[in-house]
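Participant: This is query_5.tsv, which holds TSV, C-alpha atoms:
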chain	number	residue	atom	x	y	z
Q	1	MET	CA	29.89	106.98	70.84
Q	2	ASN	CA	26.31	106.10	71.72
Q	3	ASP	CA	25.62	106.97	75.37
Q	4	THR	CA	22.62	104.64	75.47
Q	5	GLU	CA	25.16	101.88	75.93
Q	6	THR	CA	25.82	103.17	79.46
Q	7	CYS	CA	23.40	101.69	81.99
Q	8	ARG	CA	23.16	103.82	85.15
Q	9	GLU	CA	21.41	102.96	88.41
Q	10	GLY	CA	20.59	105.27	91.32
Q	11	ASP	CA	21.69	108.89	91.15
Q	12	ALA	CA	24.81	108.42	89.04
Q	13	PRO	CA	25.56	111.69	87.19
Q	14	ALA	CA	24.79	111.85	83.48
Q	15	TRP	CA	28.42	112.60	82.60
Q	16	LEU	CA	29.48	109.24	84.06
Q	17	ASN	CA	29.11	107.62	80.66
Q	18	ASN	CA	31.14	105.65	78.12
Q	19	ASP	CA	33.03	108.73	76.94
Q	20	PHE	CA	34.18	109.56	80.46
Q	21	LEU	CA	35.10	105.96	81.30
Q	22	GLU	CA	36.97	105.51	78.03
Q	23	ASN	CA	39.05	108.62	78.63
Q	24	ALA	CA	39.80	107.56	82.22
Q	25	LEU	CA	40.99	104.13	81.12
Q	26	ARG	CA	43.07	105.53	78.28
Q	27	VAL	CA	44.87	107.84	80.70
Q	28	GLY	CA	45.20	105.28	83.49
Q	29	GLU	CA	46.46	102.49	81.27
Q	30	GLU	CA	48.45	104.82	79.00
Q	31	ASP	CA	46.72	103.28	75.99
Q	32	SER	CA	44.97	105.64	73.57
Q	33	SER	CA	43.53	102.71	71.60
Q	34	ILE	CA	41.07	101.64	74.31
Q	35	LYS	CA	37.48	101.84	73.09
Q	36	VAL	CA	34.65	101.29	75.56
Q	37	THR	CA	31.69	99.51	73.98
Q	38	TRP	CA	29.45	99.04	77.02
Q	39	SER	CA	29.30	100.02	80.69
Q	40	SER	CA	27.08	99.60	83.73
Q	41	VAL	CA	27.29	102.05	86.64
Q	42	LYS	CA	25.88	101.26	90.10
Q	43	PRO	CA	26.30	102.67	93.63
Q	44	ALA	CA	29.33	101.07	95.27
Q	45	THR	CA	28.55	101.65	98.95
Q	46	SER	CA	25.69	101.14	101.37
Q	47	VAL	CA	23.98	103.73	103.54
Q	48	GLY	CA	26.35	104.83	106.29
Q	49	ASP	CA	29.51	103.61	104.55
Q	50	ASN	CA	30.51	106.96	103.05
Q	51	TYR	CA	29.86	110.47	104.30
Q	52	SER	CA	31.92	112.78	102.13
Q	53	SER	CA	31.45	111.51	98.57
Q	54	ASP	CA	29.41	109.31	96.26
Q	55	MET	CA	30.99	106.04	95.17
Q	56	TYR	CA	30.10	104.17	91.99
Q	57	ARG	CA	31.23	100.84	90.59
Q	58	ALA	CA	31.43	100.70	86.81
Q	59	LYS	CA	31.70	97.48	84.84
Q	60	VAL	CA	33.27	98.37	81.53
Q	61	LYS	CA	33.74	96.35	78.34
Q	62	PHE	CA	36.51	97.24	75.94
Q	63	ASP	CA	38.77	95.37	73.51
Q	64	GLU	CA	37.54	91.87	74.41
Q	65	GLU	CA	38.02	92.69	78.12
Q	66	GLU	CA	35.69	93.48	81.01
Q	67	ARG	CA	36.97	95.62	83.87
Q	68	SER	CA	35.46	96.82	87.15
Q	69	ILE	CA	36.54	100.24	88.38
Q	70	ILE	CA	35.53	102.63	91.16
Q	71	ILE	CA	34.56	106.24	90.54
Q	72	LYS	CA	34.56	108.55	93.54
Q	73	THR	CA	32.62	111.78	92.99
Q	74	SER	CA	31.71	114.83	95.02
Q	75	LYS	CA	28.09	115.33	96.07
Q	76	PRO	CA	26.99	118.14	93.72
Q	77	SER	CA	23.33	117.21	93.91
Q	78	SER	CA	23.29	116.63	97.67
Q	79	LYS	CA	21.62	118.98	100.05
Q	80	GLY	CA	22.46	119.73	103.64
Q	81	ALA	CA	25.40	120.56	105.85
Q	82	VAL	CA	27.87	117.94	104.62
Q	83	ALA	CA	27.45	119.04	101.01
Q	84	ASN	CA	27.86	122.69	101.98
Q	85	ILE	CA	31.08	121.99	103.89
Q	86	LEU	CA	32.56	119.96	101.05
Q	87	LYS	CA	31.71	122.58	98.43
Q	88	LYS	CA	33.86	125.06	100.36
Q	89	SER	CA	36.73	122.65	100.98
Q	90	ASN	CA	39.63	121.31	98.94
Q	91	VAL	CA	39.32	117.68	100.03
Q	92	PHE	CA	39.18	116.34	96.48
Q	93	ASP	CA	42.29	118.28	95.53
Q	94	GLN	CA	43.93	116.93	98.66
Q	95	GLU	CA	43.15	113.34	97.72
Q	96	ILE	CA	44.28	113.87	94.13
Q	97	ASN	CA	47.56	115.23	95.48
Q	98	ALA	CA	47.91	112.12	97.62
Q	99	PHE	CA	47.38	109.83	94.62
Q	100	THR	CA	49.57	111.79	92.22
Q	101	ILE	CA	52.37	113.07	94.48
Q	102	ALA	CA	52.75	111.21	97.75
Q	103	LEU	CA	51.62	107.67	97.05
Q	104	PRO	CA	53.66	107.12	93.86
Q	105	ALA	CA	56.81	108.27	95.68
Q	106	VAL	CA	56.04	106.10	98.71
Q	107	HIS	CA	55.28	103.07	96.53
Q	108	ARG	CA	58.54	103.43	94.64
Q	109	LEU	CA	60.47	103.36	97.91
Q	110	LEU	CA	58.52	100.44	99.38
Q	111	LYS	CA	58.99	98.40	96.20
Q	112	THR	CA	62.73	98.98	96.57
Q	113	ALA	CA	62.66	98.05	100.24
Q	114	TYR	CA	60.40	94.99	100.20
Q	115	LYS	CA	60.90	93.74	96.62
Q	116	GLU	CA	58.76	90.60	96.05
Q	117	ASN	CA	57.12	91.10	99.46
Q	118	PHE	CA	55.87	94.56	98.51
Q	119	SER	CA	52.17	95.15	99.10
Q	120	PRO	CA	50.54	98.42	97.93
Q	121	ILE	CA	49.19	100.94	100.41
Q	122	THR	CA	46.03	101.55	98.41
Q	123	SER	CA	44.26	100.85	95.11
Q	124	LYS	CA	45.76	101.71	91.75
Q	125	TYR	CA	45.04	105.27	90.68
Q	126	LEU	CA	43.78	105.67	87.10
Q	127	TYR	CA	42.48	109.17	86.54
Q	128	SER	CA	41.01	112.27	88.17
Q	129	THR	CA	39.30	115.49	87.16
Q	130	THR	CA	37.95	118.61	88.84
Q	131	ASP	CA	36.63	120.05	85.59
Q	132	ASN	CA	33.44	122.06	86.26
Q	133	GLU	CA	30.78	119.62	87.51
Q	134	LYS	CA	32.94	116.58	86.81
Q	135	THR	CA	34.76	116.11	90.09
Q	136	ALA	CA	35.94	112.52	90.24
Q	137	ILE	CA	38.74	110.13	91.07
Q	138	VAL	CA	38.90	106.80	89.21
Q	139	LEU	CA	40.55	103.80	90.87
Q	140	GLU	CA	40.90	100.07	90.44
Q	141	ASP	CA	38.19	98.06	92.19
Q	142	LEU	CA	39.66	96.47	95.29
Q	143	LYS	CA	36.61	94.23	95.65
Q	144	VAL	CA	37.63	92.39	92.47
Q	145	LEU	CA	41.00	91.75	94.11
Q	146	GLY	CA	39.27	90.17	97.10
Q	147	PHE	CA	39.27	93.13	99.49
Q	148	LYS	CA	36.28	94.10	101.59
Q	149	LEU	CA	35.33	95.97	104.75
Q	150	ALA	CA	35.72	94.03	107.98
Q	151	GLN	CA	32.91	93.13	110.33
Q	152	LYS	CA	33.28	95.98	112.79
Q	153	ASP	CA	30.43	96.15	115.31
Q	154	LEU	CA	32.67	95.13	118.20
Q	155	GLY	CA	35.83	96.70	116.81
Q	156	LEU	CA	38.70	95.05	114.95
Q	157	ASP	CA	40.56	92.15	116.52
Q	158	LEU	CA	44.30	91.70	117.03
Q	159	LYS	CA	45.10	90.16	113.62
Q	160	HIS	CA	43.31	92.93	111.72
Q	161	CYS	CA	44.93	95.63	113.83
Q	162	LEU	CA	48.43	94.17	113.45
Q	163	LEU	CA	48.08	94.33	109.66
Q	164	VAL	CA	47.02	97.97	109.89
Q	165	MET	CA	49.95	98.78	112.20
Q	166	ARG	CA	52.45	97.25	109.76
Q	167	LYS	CA	51.02	98.98	106.69
Q	168	ILE	CA	50.66	102.43	108.26
Q	169	ALA	CA	54.18	102.13	109.72
Q	170	MET	CA	55.59	101.46	106.23
Q	171	TYR	CA	53.65	104.41	104.83
Q	172	HIS	CA	54.79	106.77	107.58
Q	173	ALA	CA	58.43	105.66	107.36
Q	174	ALA	CA	58.62	106.00	103.58
Q	175	SER	CA	56.96	109.43	103.78
Q	176	ILE	CA	59.81	110.70	105.97
Q	177	VAL	CA	62.34	109.64	103.34
Q	178	VAL	CA	60.34	111.35	100.59
Q	179	PHE	CA	60.06	114.51	102.66
Q	180	ASN	CA	63.76	114.60	103.50
Q	181	LYS	CA	64.67	114.29	99.82
Q	182	ASN	CA	62.14	116.86	98.59
Q	183	PRO	CA	60.31	118.84	101.31
Q	184	ASP	CA	58.64	121.11	98.75
Q	185	SER	CA	56.76	118.15	97.26
Q	186	PHE	CA	54.75	117.86	100.47
Q	187	LYS	CA	53.61	121.49	100.55
Q	188	PRO	CA	50.02	120.44	99.67
Q	189	PHE	CA	49.90	118.40	102.89
Q	190	MET	CA	50.95	121.05	105.37
Q	191	ASP	CA	47.27	121.61	106.18
Q	192	ASN	CA	44.05	119.68	105.82
Q	193	ILE	CA	40.38	120.61	106.03
Q	194	PHE	CA	40.54	120.95	109.83
Q	195	THR	CA	43.75	122.93	110.26
Q	196	SER	CA	42.93	125.25	107.35
Q	197	GLY	CA	39.64	126.33	108.93
Q	198	GLN	CA	37.46	124.76	106.23
Q	199	ALA	CA	35.70	122.34	108.58
Q	200	VAL	CA	34.09	124.70	111.06
Q	201	GLY	CA	30.73	123.33	109.94
Q	202	TYR	CA	31.57	120.01	111.59
Q	203	THR	CA	31.44	121.64	115.05
Q	204	PRO	CA	27.91	120.35	115.84
Q	205	PHE	CA	29.00	116.77	115.14
Q	206	PHE	CA	31.96	116.76	117.52
Q	207	CYS	CA	30.23	118.78	120.23
Q	208	SER	CA	26.96	116.86	120.09
Q	209	THR	CA	28.55	113.40	120.12
Q	210	VAL	CA	30.45	114.27	123.31
Q	211	GLU	CA	27.29	115.76	124.81
Q	212	VAL	CA	25.20	112.71	123.93
Q	213	CYS	CA	27.88	110.45	125.41
Q	214	ALA	CA	27.86	112.56	128.59
Q	215	LYS	CA	24.09	112.19	128.92
Q	216	GLU	CA	24.40	108.44	128.36
Q	217	MET	CA	26.95	108.20	131.18
Q	218	GLU	CA	24.46	109.89	133.50
Q	219	THR	CA	22.29	106.77	133.23
Q	220	PHE	CA	24.97	104.56	134.80
Q	221	THR	CA	25.35	104.92	138.55
Q	222	ASP	CA	29.09	104.20	138.65
Q	223	TYR	CA	29.79	106.57	135.74
Q	224	LYS	CA	27.61	109.60	136.47
Q	225	ASP	CA	29.82	111.26	139.09
Q	226	ARG	CA	33.02	110.01	137.50
Q	227	PHE	CA	32.62	111.02	133.87
Q	228	ALA	CA	29.43	112.95	133.09
Q	229	ASP	CA	30.65	116.37	134.26
Q	230	LYS	CA	34.02	115.94	132.53
Q	231	LEU	CA	32.30	115.11	129.26
Q	232	HIS	CA	29.78	117.93	129.59
Q	233	ASN	CA	32.65	120.36	130.10
Q	234	LEU	CA	34.48	118.93	127.09
Q	235	SER	CA	31.47	118.99	124.77
Q	236	GLY	CA	31.37	122.74	124.22
Q	237	LYS	CA	35.02	122.89	123.16
Q	238	ALA	CA	35.31	119.50	121.46
Q	239	MET	CA	35.87	120.92	117.96
Q	240	ASP	CA	38.44	123.45	119.15
Q	241	GLU	CA	40.35	120.70	120.98
Q	242	TRP	CA	40.13	118.40	117.93
Q	243	ILE	CA	41.71	121.03	115.70
Q	244	ARG	CA	44.34	121.94	118.30
Q	245	GLU	CA	45.38	118.31	118.60
Q	246	ILE	CA	45.64	117.83	114.84
Q	247	ARG	CA	47.83	120.89	114.26
Q	248	ARG	CA	51.44	120.08	113.51
Q	249	ASP	CA	54.35	120.93	115.77
Q	250	ASP	CA	57.09	121.86	113.30
Q	251	MET	CA	59.70	121.17	115.97
Q	252	GLY	CA	58.25	117.72	116.62
Q	253	PHE	CA	58.33	114.31	114.95
Q	254	ASN	CA	56.11	114.35	111.86
Q	255	VAL	CA	55.08	112.01	109.04
Q	256	LEU	CA	52.50	112.06	106.27
Q	257	CYS	CA	49.35	110.86	108.01
Q	258	HIS	CA	46.40	109.29	106.25
Q	259	GLY	CA	44.19	111.50	108.41
Q	260	ASP	CA	40.99	109.44	108.40
Q	261	LEU	CA	42.10	105.94	109.28
Q	262	TRP	CA	39.02	104.11	110.53
Q	263	THR	CA	37.14	100.96	109.58
Q	264	ASN	CA	35.21	102.43	106.64
Q	265	ASN	CA	38.48	103.48	105.00
Q	266	ILE	CA	40.28	100.17	105.47
Q	267	MET	CA	39.73	97.07	103.32
Q	268	PHE	CA	41.04	93.58	104.05
Q	269	SER	CA	41.59	90.39	102.05
Q	270	TYR	CA	41.14	86.90	103.50
Q	271	ALA	CA	42.54	83.45	102.75
Q	272	ASP	CA	40.13	81.28	100.76
Q	273	ASP	CA	40.89	78.13	102.72
Q	274	THR	CA	41.11	79.41	106.31
Q	275	GLY	CA	39.28	82.72	106.21
Q	276	GLU	CA	42.23	84.32	108.01
Q	277	VAL	CA	42.90	87.98	107.25
Q	278	GLU	CA	45.92	88.32	104.94
Q	279	ASP	CA	46.38	91.83	103.60
Q	280	VAL	CA	45.07	95.37	103.93
Q	281	ARG	CA	44.56	98.45	101.76
Q	282	PHE	CA	43.71	102.01	102.81
Q	283	VAL	CA	41.24	104.20	100.91
Q	284	ASP	CA	40.08	107.84	101.13
Q	285	PHE	CA	43.10	110.15	101.47
Q	286	GLN	CA	41.09	113.39	101.61
Q	287	LEU	CA	42.49	114.38	105.02
Q	288	SER	CA	46.17	113.65	104.29
Q	289	HIS	CA	48.32	115.82	106.55
Q	290	TRP	CA	51.97	116.21	107.54
Q	291	THR	CA	51.78	115.92	111.33
Q	292	SER	CA	52.49	113.63	114.30
Q	293	PRO	CA	52.18	109.88	113.59
Q	294	ALA	CA	50.17	109.71	116.79
Q	295	MET	CA	47.26	111.25	114.88
Q	296	ASP	CA	46.83	108.17	112.69
Q	297	LEU	CA	47.60	105.75	115.51
Q	298	GLN	CA	45.26	107.26	118.09
Q	299	TYR	CA	42.52	107.86	115.53
Q	300	PHE	CA	42.62	104.29	114.21
Q	301	LEU	CA	43.03	102.49	117.50
Q	302	ASN	CA	40.42	104.44	119.42
Q	303	SER	CA	37.86	104.58	116.63
Q	304	SER	CA	38.22	101.06	115.29
Q	305	ALA	CA	40.05	98.56	117.52
Q	306	SER	CA	38.12	96.45	120.00
Q	307	ALA	CA	37.91	97.98	123.47
Q	308	GLU	CA	39.66	94.91	124.88
Q	309	LEU	CA	42.74	95.57	122.73
Q	310	LEU	CA	42.95	99.13	124.03
Q	311	GLU	CA	43.41	97.89	127.59
Q	312	HIS	CA	46.90	96.74	126.59
Q	313	PRO	CA	47.85	98.25	123.21
Q	314	GLU	CA	51.57	97.65	123.74
Q	315	ILE	CA	51.78	94.79	121.25
Q	316	LEU	CA	50.26	97.00	118.54
Q	317	ILE	CA	52.55	99.95	119.24
Q	318	GLN	CA	55.55	97.63	119.30
Q	319	GLU	CA	54.52	96.20	115.92
Q	320	TYR	CA	54.20	99.70	114.50
Q	321	HIS	CA	57.64	100.68	115.79
Q	322	ASP	CA	59.26	97.47	114.52
Q	323	TYR	CA	57.96	97.96	110.97
Q	324	PHE	CA	58.72	101.67	111.00
Q	325	CYS	CA	62.34	100.98	111.87
Q	326	LYS	CA	62.54	97.96	109.55
Q	327	THR	CA	61.36	100.06	106.60
Q	328	LEU	CA	63.87	102.82	107.27
Q	329	SER	CA	66.67	100.25	107.65
Q	330	LEU	CA	65.79	98.63	104.32
Q	331	LEU	CA	65.87	102.09	102.75
Q	332	GLY	CA	69.25	102.89	104.32
Q	333	HIS	CA	67.95	105.61	106.63
Q	334	GLN	CA	68.55	104.20	110.10
Q	335	ASN	CA	69.36	107.73	111.22
Q	336	LEU	CA	65.68	108.65	110.88
Q	337	GLN	CA	64.39	105.90	113.17
Q	338	PRO	CA	62.35	107.05	116.17
Q	339	THR	CA	62.71	105.29	119.50
Q	340	LEU	CA	59.80	103.35	120.97
Q	341	LYS	CA	59.85	105.85	123.82
Q	342	GLN	CA	59.44	108.67	121.34
Q	343	ILE	CA	56.38	106.99	119.78
Q	344	ASN	CA	54.81	106.41	123.18
Q	345	GLU	CA	55.46	109.99	124.21
Q	346	GLU	CA	53.71	111.17	121.04
Q	347	LEU	CA	50.75	108.94	121.82
Q	348	ASP	CA	50.53	110.24	125.37
Q	349	ARG	CA	50.78	113.83	124.13
Q	350	LYS	CA	47.77	113.15	121.91
Q	351	GLY	CA	45.73	111.49	124.64
Q	352	LEU	CA	42.82	113.91	124.42
Q	353	PHE	CA	42.66	113.27	120.68
Q	354	ALA	CA	42.34	109.55	121.49
Q	355	VAL	CA	39.38	110.31	123.76
Q	356	LEU	CA	37.67	112.49	121.16
Q	357	SER	CA	38.28	109.89	118.43
Q	358	ALA	CA	36.63	107.20	120.52
Q	359	ILE	CA	33.65	109.29	121.58
Q	360	SER	CA	32.94	110.80	118.16
Q	361	ILE	CA	34.07	108.35	115.50
Q	362	ARG	CA	32.81	105.21	117.25
Q	363	THR	CA	29.29	106.61	116.96
Q	364	VAL	CA	29.58	105.81	113.24
Q	365	SER	CA	32.10	102.95	113.26
Q	366	GLN	CA	29.95	101.04	115.75
Q	367	CYS	CA	26.57	102.28	114.58
Q	368	ASP	CA	23.45	100.16	114.50
Q	369	ARG	CA	23.10	99.39	110.79
Q	370	SER	CA	19.31	99.51	111.08
Q	371	LYS	CA	19.44	102.99	112.63
Q	372	VAL	CA	22.14	104.84	110.70
Q	373	THR	CA	22.13	108.51	111.70
Q	374	ASP	CA	21.96	111.20	109.03
Q	375	VAL	CA	25.18	113.15	109.69
Q	376	SER	CA	23.83	116.13	107.73
Q	377	ALA	CA	20.92	116.29	110.17
Q	378	VAL	CA	23.34	116.22	113.09
Q	379	LEU	CA	25.36	119.06	111.57
Q	380	ALA	CA	22.15	121.00	111.00
Q	381	GLN	CA	21.33	120.33	114.66
Q	382	THR	CA	17.97	118.78	113.83
Q	383	GLN	CA	18.98	115.31	115.01
Q	384	THR	CA	21.38	113.74	117.51
Q	385	MET	CA	23.59	110.72	116.99
Q	386	HIS	CA	21.99	107.38	117.78
Q	387	LEU	CA	24.18	105.38	120.16
Q	388	SER	CA	24.26	101.64	119.53
Q	389	GLU	CA	24.57	99.14	122.34
Q	390	ALA	CA	28.03	98.22	121.03
Q	391	TYR	CA	29.07	101.88	121.31
Q	392	LYS	CA	27.74	102.16	124.86
Q	393	ASP	CA	29.57	99.00	125.93
Q	394	SER	CA	32.81	100.25	124.36
Q	395	MET	CA	32.64	103.62	126.09
Q	396	LYS	CA	31.96	102.01	129.45
Q	397	LYS	CA	35.21	100.07	129.00
Q	398	LEU	CA	37.27	102.89	127.49
Q	399	LEU	CA	36.47	105.86	129.73
Q	400	PRO	CA	38.11	104.29	132.82
Q	401	ILE	CA	41.18	103.51	130.69
Q	402	TYR	CA	41.42	107.13	129.56
Q	403	GLU	CA	40.97	108.35	133.11
Q	404	GLU	CA	43.75	106.07	134.36
Q	405	ARG	CA	46.12	107.35	131.67
Q	406	GLY	CA	45.35	110.97	132.53
Q	407	TRP	CA	43.80	111.71	129.15
Q	408	LEU	CA	40.37	112.55	130.56
Would you mind writing the structure in this file as structure tokens?
Facilitator:
Amino acid sequence: MNDTETCREGDAPAWLNNDFLENALRVGEEDSSIKVTWSSVKPATSVGDNYSSDMYRAKVKFDEEERSIIIKTSKPSSKGAVANILKKSNVFDQEINAFTIALPAVHRLLKTAYKENFSPITSKYLYSTTDNEKTAIVLEDLKVLGFKLAQKDLGLDLKHCLLVMRKIAMYHAASIVVFNKNPDSFKPFMDNIFTSGQAVGYTPFFCSTVEVCAKEMETFTDYKDRFADKLHNLSGKAMDEWIREIRRDDMGFNVLCHGDLWTNNIMFSYADDTGEVEDVRFVDFQLSHWTSPAMDLQYFLNSSASAELLEHPEILIQEYHDYFCKTLSLLGHQNLQPTLKQINEELDRKGLFAVLSAISIRTVSQCDRSKVTDVSAVLAQTQTMHLSEAYKDSMKKLLPIYEERGWL
């Protein structure tokens, strides 16, 4: 095959060529006759949309057909702290396990439960490899199916958040059934990069974001005495607390969590005629972990929902509980249903994690797109996170809420 027929833009690796794409499609479609005749590879994300991998969109021609697929690769040519952390971690293996072990089992159950109303959790998996320098996961292109990232500067509104609550509830519920039938299949998810000690390099990010938030609160008269000292005291131990919160209680109520459920890892589709949000898909399962469902709920809500929704999140938690129980009922496992009280107790138990999610992850989920911070520079402690006005407004609304709930 002539590799000159592969057109690459940006820093796409040389191995991302027709031969690679042809093999990926043959495996993914279970069709050894596929022959790629032309391809074009371009970056698939903008600056600030992805921190742990490089994403490429490949348009591929084969057998009278043109297909668009996504190739997610590690950052072998990248320099800096993020690249160093990822080289020492198993996050790609973790995501491959999610796509080859957990998600197929969950999808089979949800198809049985919801039949014609079934909606996938994520994009279709085609192929993956960790062979030498070729570390990649190949997926269908959700953009072609009409999915895109939401406008997120002010946080997601009620309709977007309700869709996320329903989908993550289905995922969590089905994961319990899978686990109960075959606990050994979930062994790869008993730890993730944080609980296994592979993410110690992220300490400057979590500590510095809390510290920067503390200094920002000092500039507001009503907030200085109330919150600045608490945040300063938290900043030095932010990473330790983050890891402690994520760790699983084997005697507690656990599910398979996505682990990184925030706006950049959630894509939505919208109605052509009304523009109303209709469906949702999750991407990036590198932090999949068997732990409390509160981890996904607190992480998503406090990193990505509008601050106004977090004043009264009851409707969202109720929606989550309803769909969790509905899914288990449809699967004939009513005995596994948690009570609403149990969910709320889990959320309250993970209150500090909610605070840390808001302070740290909102710095990137509500960043100023014209002033995107280089996370590698933050980890190298040569730069601090830039706080957007949207972030500052959110924290001024959220900190009193956290204080009232006893989380801060």
Participant: Do you have the atom CA of Q:Phe186-atom CA of Q:Leu256 distance handy?
Facilitator: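 Spanning atom CA of Q:Phe186 to atom CA of Q:Leu256 is a straight-line distance of 8.5 Å.
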Participant: Find the residues near Q:Gln366: any atom within 8 Å, counting all atoms listed in the file, skip ones fewer than 5 places away on the same chain, and give them as a list in words.
Facilitator: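 The filter keeps Lys152, Asp153, Leu154, Gly155, Ser388, Ala390 and Tyr391 of chain Q.
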Participant: Restricting the calculation to all atoms listed in the file: of Q:Gln337, Q:Glu29, Q:Ser269, Q:Phe92, which residue gets closest to Q:Leu149?
Facilitator: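 Using all atoms listed in the file, Q:Leu149 sits closest to Q:Ser269.
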Participant: Tell me which of Q:Ser89, Q:Gln94, Q:Gln198, Q:Asn265 sits closest to Q:Ser123, counting only C-alpha atoms.
Facilitator: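 Counting only C-alpha atoms, the residue closest to Q:Ser123 is Q:Asn265.
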Participant: Using only C-alpha atoms, I'd like a table of the residues in stretch 182-267 of chain Q that come within 10 Å of stretch 299-314 of chain Q; for each, show the closest atom pair and its distance in Å rounded to one decimal, ordered by chain and ascending number, as a tab-separated table.
Facilitator:
residue	atom	partner	partner_atom	distance
Q:Gly259	CA	Q:Tyr299	CA	8.2
Q:Asp260	CA	Q:Tyr299	CA	7.5
Q:Leu261	CA	Q:Phe300	CA	5.2
Q:Trp262	CA	Q:Phe300	CA	5.2
Q:Thr263	CA	Q:Ser304	CA	5.8
Q:Asn264	CA	Q:Ser304	CA	9.3
Q:Ile266	CA	Q:Phe300	CA	9.9
Participant: Taking all atoms listed in the file into account, name the residue in Q:Ile101, Q:Asp229, Q:Arg108, Q:Asn254 that is nearest to Q:Ser185.
Facilitator: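 Answer, going by the shortest atom-to-atom distance: Q:Ile101.
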Participant: How far is it from atom CA of Q:Asn180 to atom CA of Q:Asp322, in Å with one decimal?
Facilitator: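 Answer for the atom CA of Q:Asn180 to atom CA of Q:Asp322 separation: 20.9 Å.
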Participant: Of the residues Q:Ile315, Q:Ile361, Q:Val144, Q:Ala169, which is the one nearest to Q:Trp242, using only C-alpha atoms?
Facilitator: Q:Ile361
Participant: I'd like the contact shell of Q:His172 - 8 Å cut-off, all atoms listed in the file, skipping same-chain residues fewer than 2 positions apart - returned as a short mmCIF file (atom, residue, chain, number, x, y, z; two decimals) with C-alpha atoms, in the coordinates of the input.
Facilitator:
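So selection-v2.cif came out as:
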data_model
loop_
_atom_site.label_atom_id
_atom_site.label_comp_id
_atom_site.auth_asym_id
_atom_site.auth_seq_id
_atom_site.Cartn_x
_atom_site.Cartn_y
_atom_site.Cartn_z
CA ILE Q 168 50.66 102.43 108.26
CA ALA Q 169 54.18 102.13 109.72
CA MET Q 170 55.59 101.46 106.23
CA ALA Q 174 58.62 106.00 103.58
CA SER Q 175 56.96 109.43 103.78
CA ILE Q 176 59.81 110.70 105.97
CA VAL Q 255 55.08 112.01 109.04
CA LEU Q 256 52.50 112.06 106.27
CA CYS Q 257 49.35 110.86 108.01
CA PRO Q 293 52.18 109.88 113.59
CA PHE Q 324 58.72 101.67 111.00
#
Participant: Extending 3 Å beyond the listed atoms of stretch 128-144 of chain Q on each side, what axis-aligned box results? I want centre and edge lengths in Å to one decimal, as lines of an AutoDock Vina configuration file.
Facilitator:
center_x = 35.9
center_y = 107.2
center_z = 90.6
size_x = 16.2
size_y = 35.7
size_z = 16.1
Participant: Check the smallest atom-to-atom distance from each of Q:Asp279, Q:Lys72, Q:Val355, Q:Asp368 to Q:Leu234 using all atoms listed in the file, then report the winner.
Facilitator: Q:Val355
Participant: Between atom CA of Q:Cys325 and atom CA of Q:Arg166, measure the distance and give it in Å to one decimal.
Facilitator: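 Atom CA of Q:Cys325 sits 10.8 Å away from atom CA of Q:Arg166.
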Participant: Go through Q:Gly236, Q:Gly252, Q:Pro188, Q:Pro183 and flag the residue nearest Q:Phe205, using only C-alpha atoms for the distances.
Facilitator: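 Ranked by minimum distance to Q:Phe205, first place goes to Q:Gly236.
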Participant: With 12 Å as the threshold, what does the neighbourhood of (40.2, 120.6, 121.7) contain in terms of residues, counting all atoms listed in the file? Coordinates are those of the file; answer as a list in words.
Facilitator: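 Here is the list of nearby residues: Phe194, Thr203, Phe206, Cys207, Val210, Asn233, Leu234, Ser235, Gly236, Lys237, Ala238, Met239, Asp240, Glu241, Trp242, Ile243, Arg244, Glu245, Ile246, Arg247, Lys350, Gly351, Leu352, Phe353, Ala354, Val355, Leu356, Ser357 and Leu408 of chain Q.
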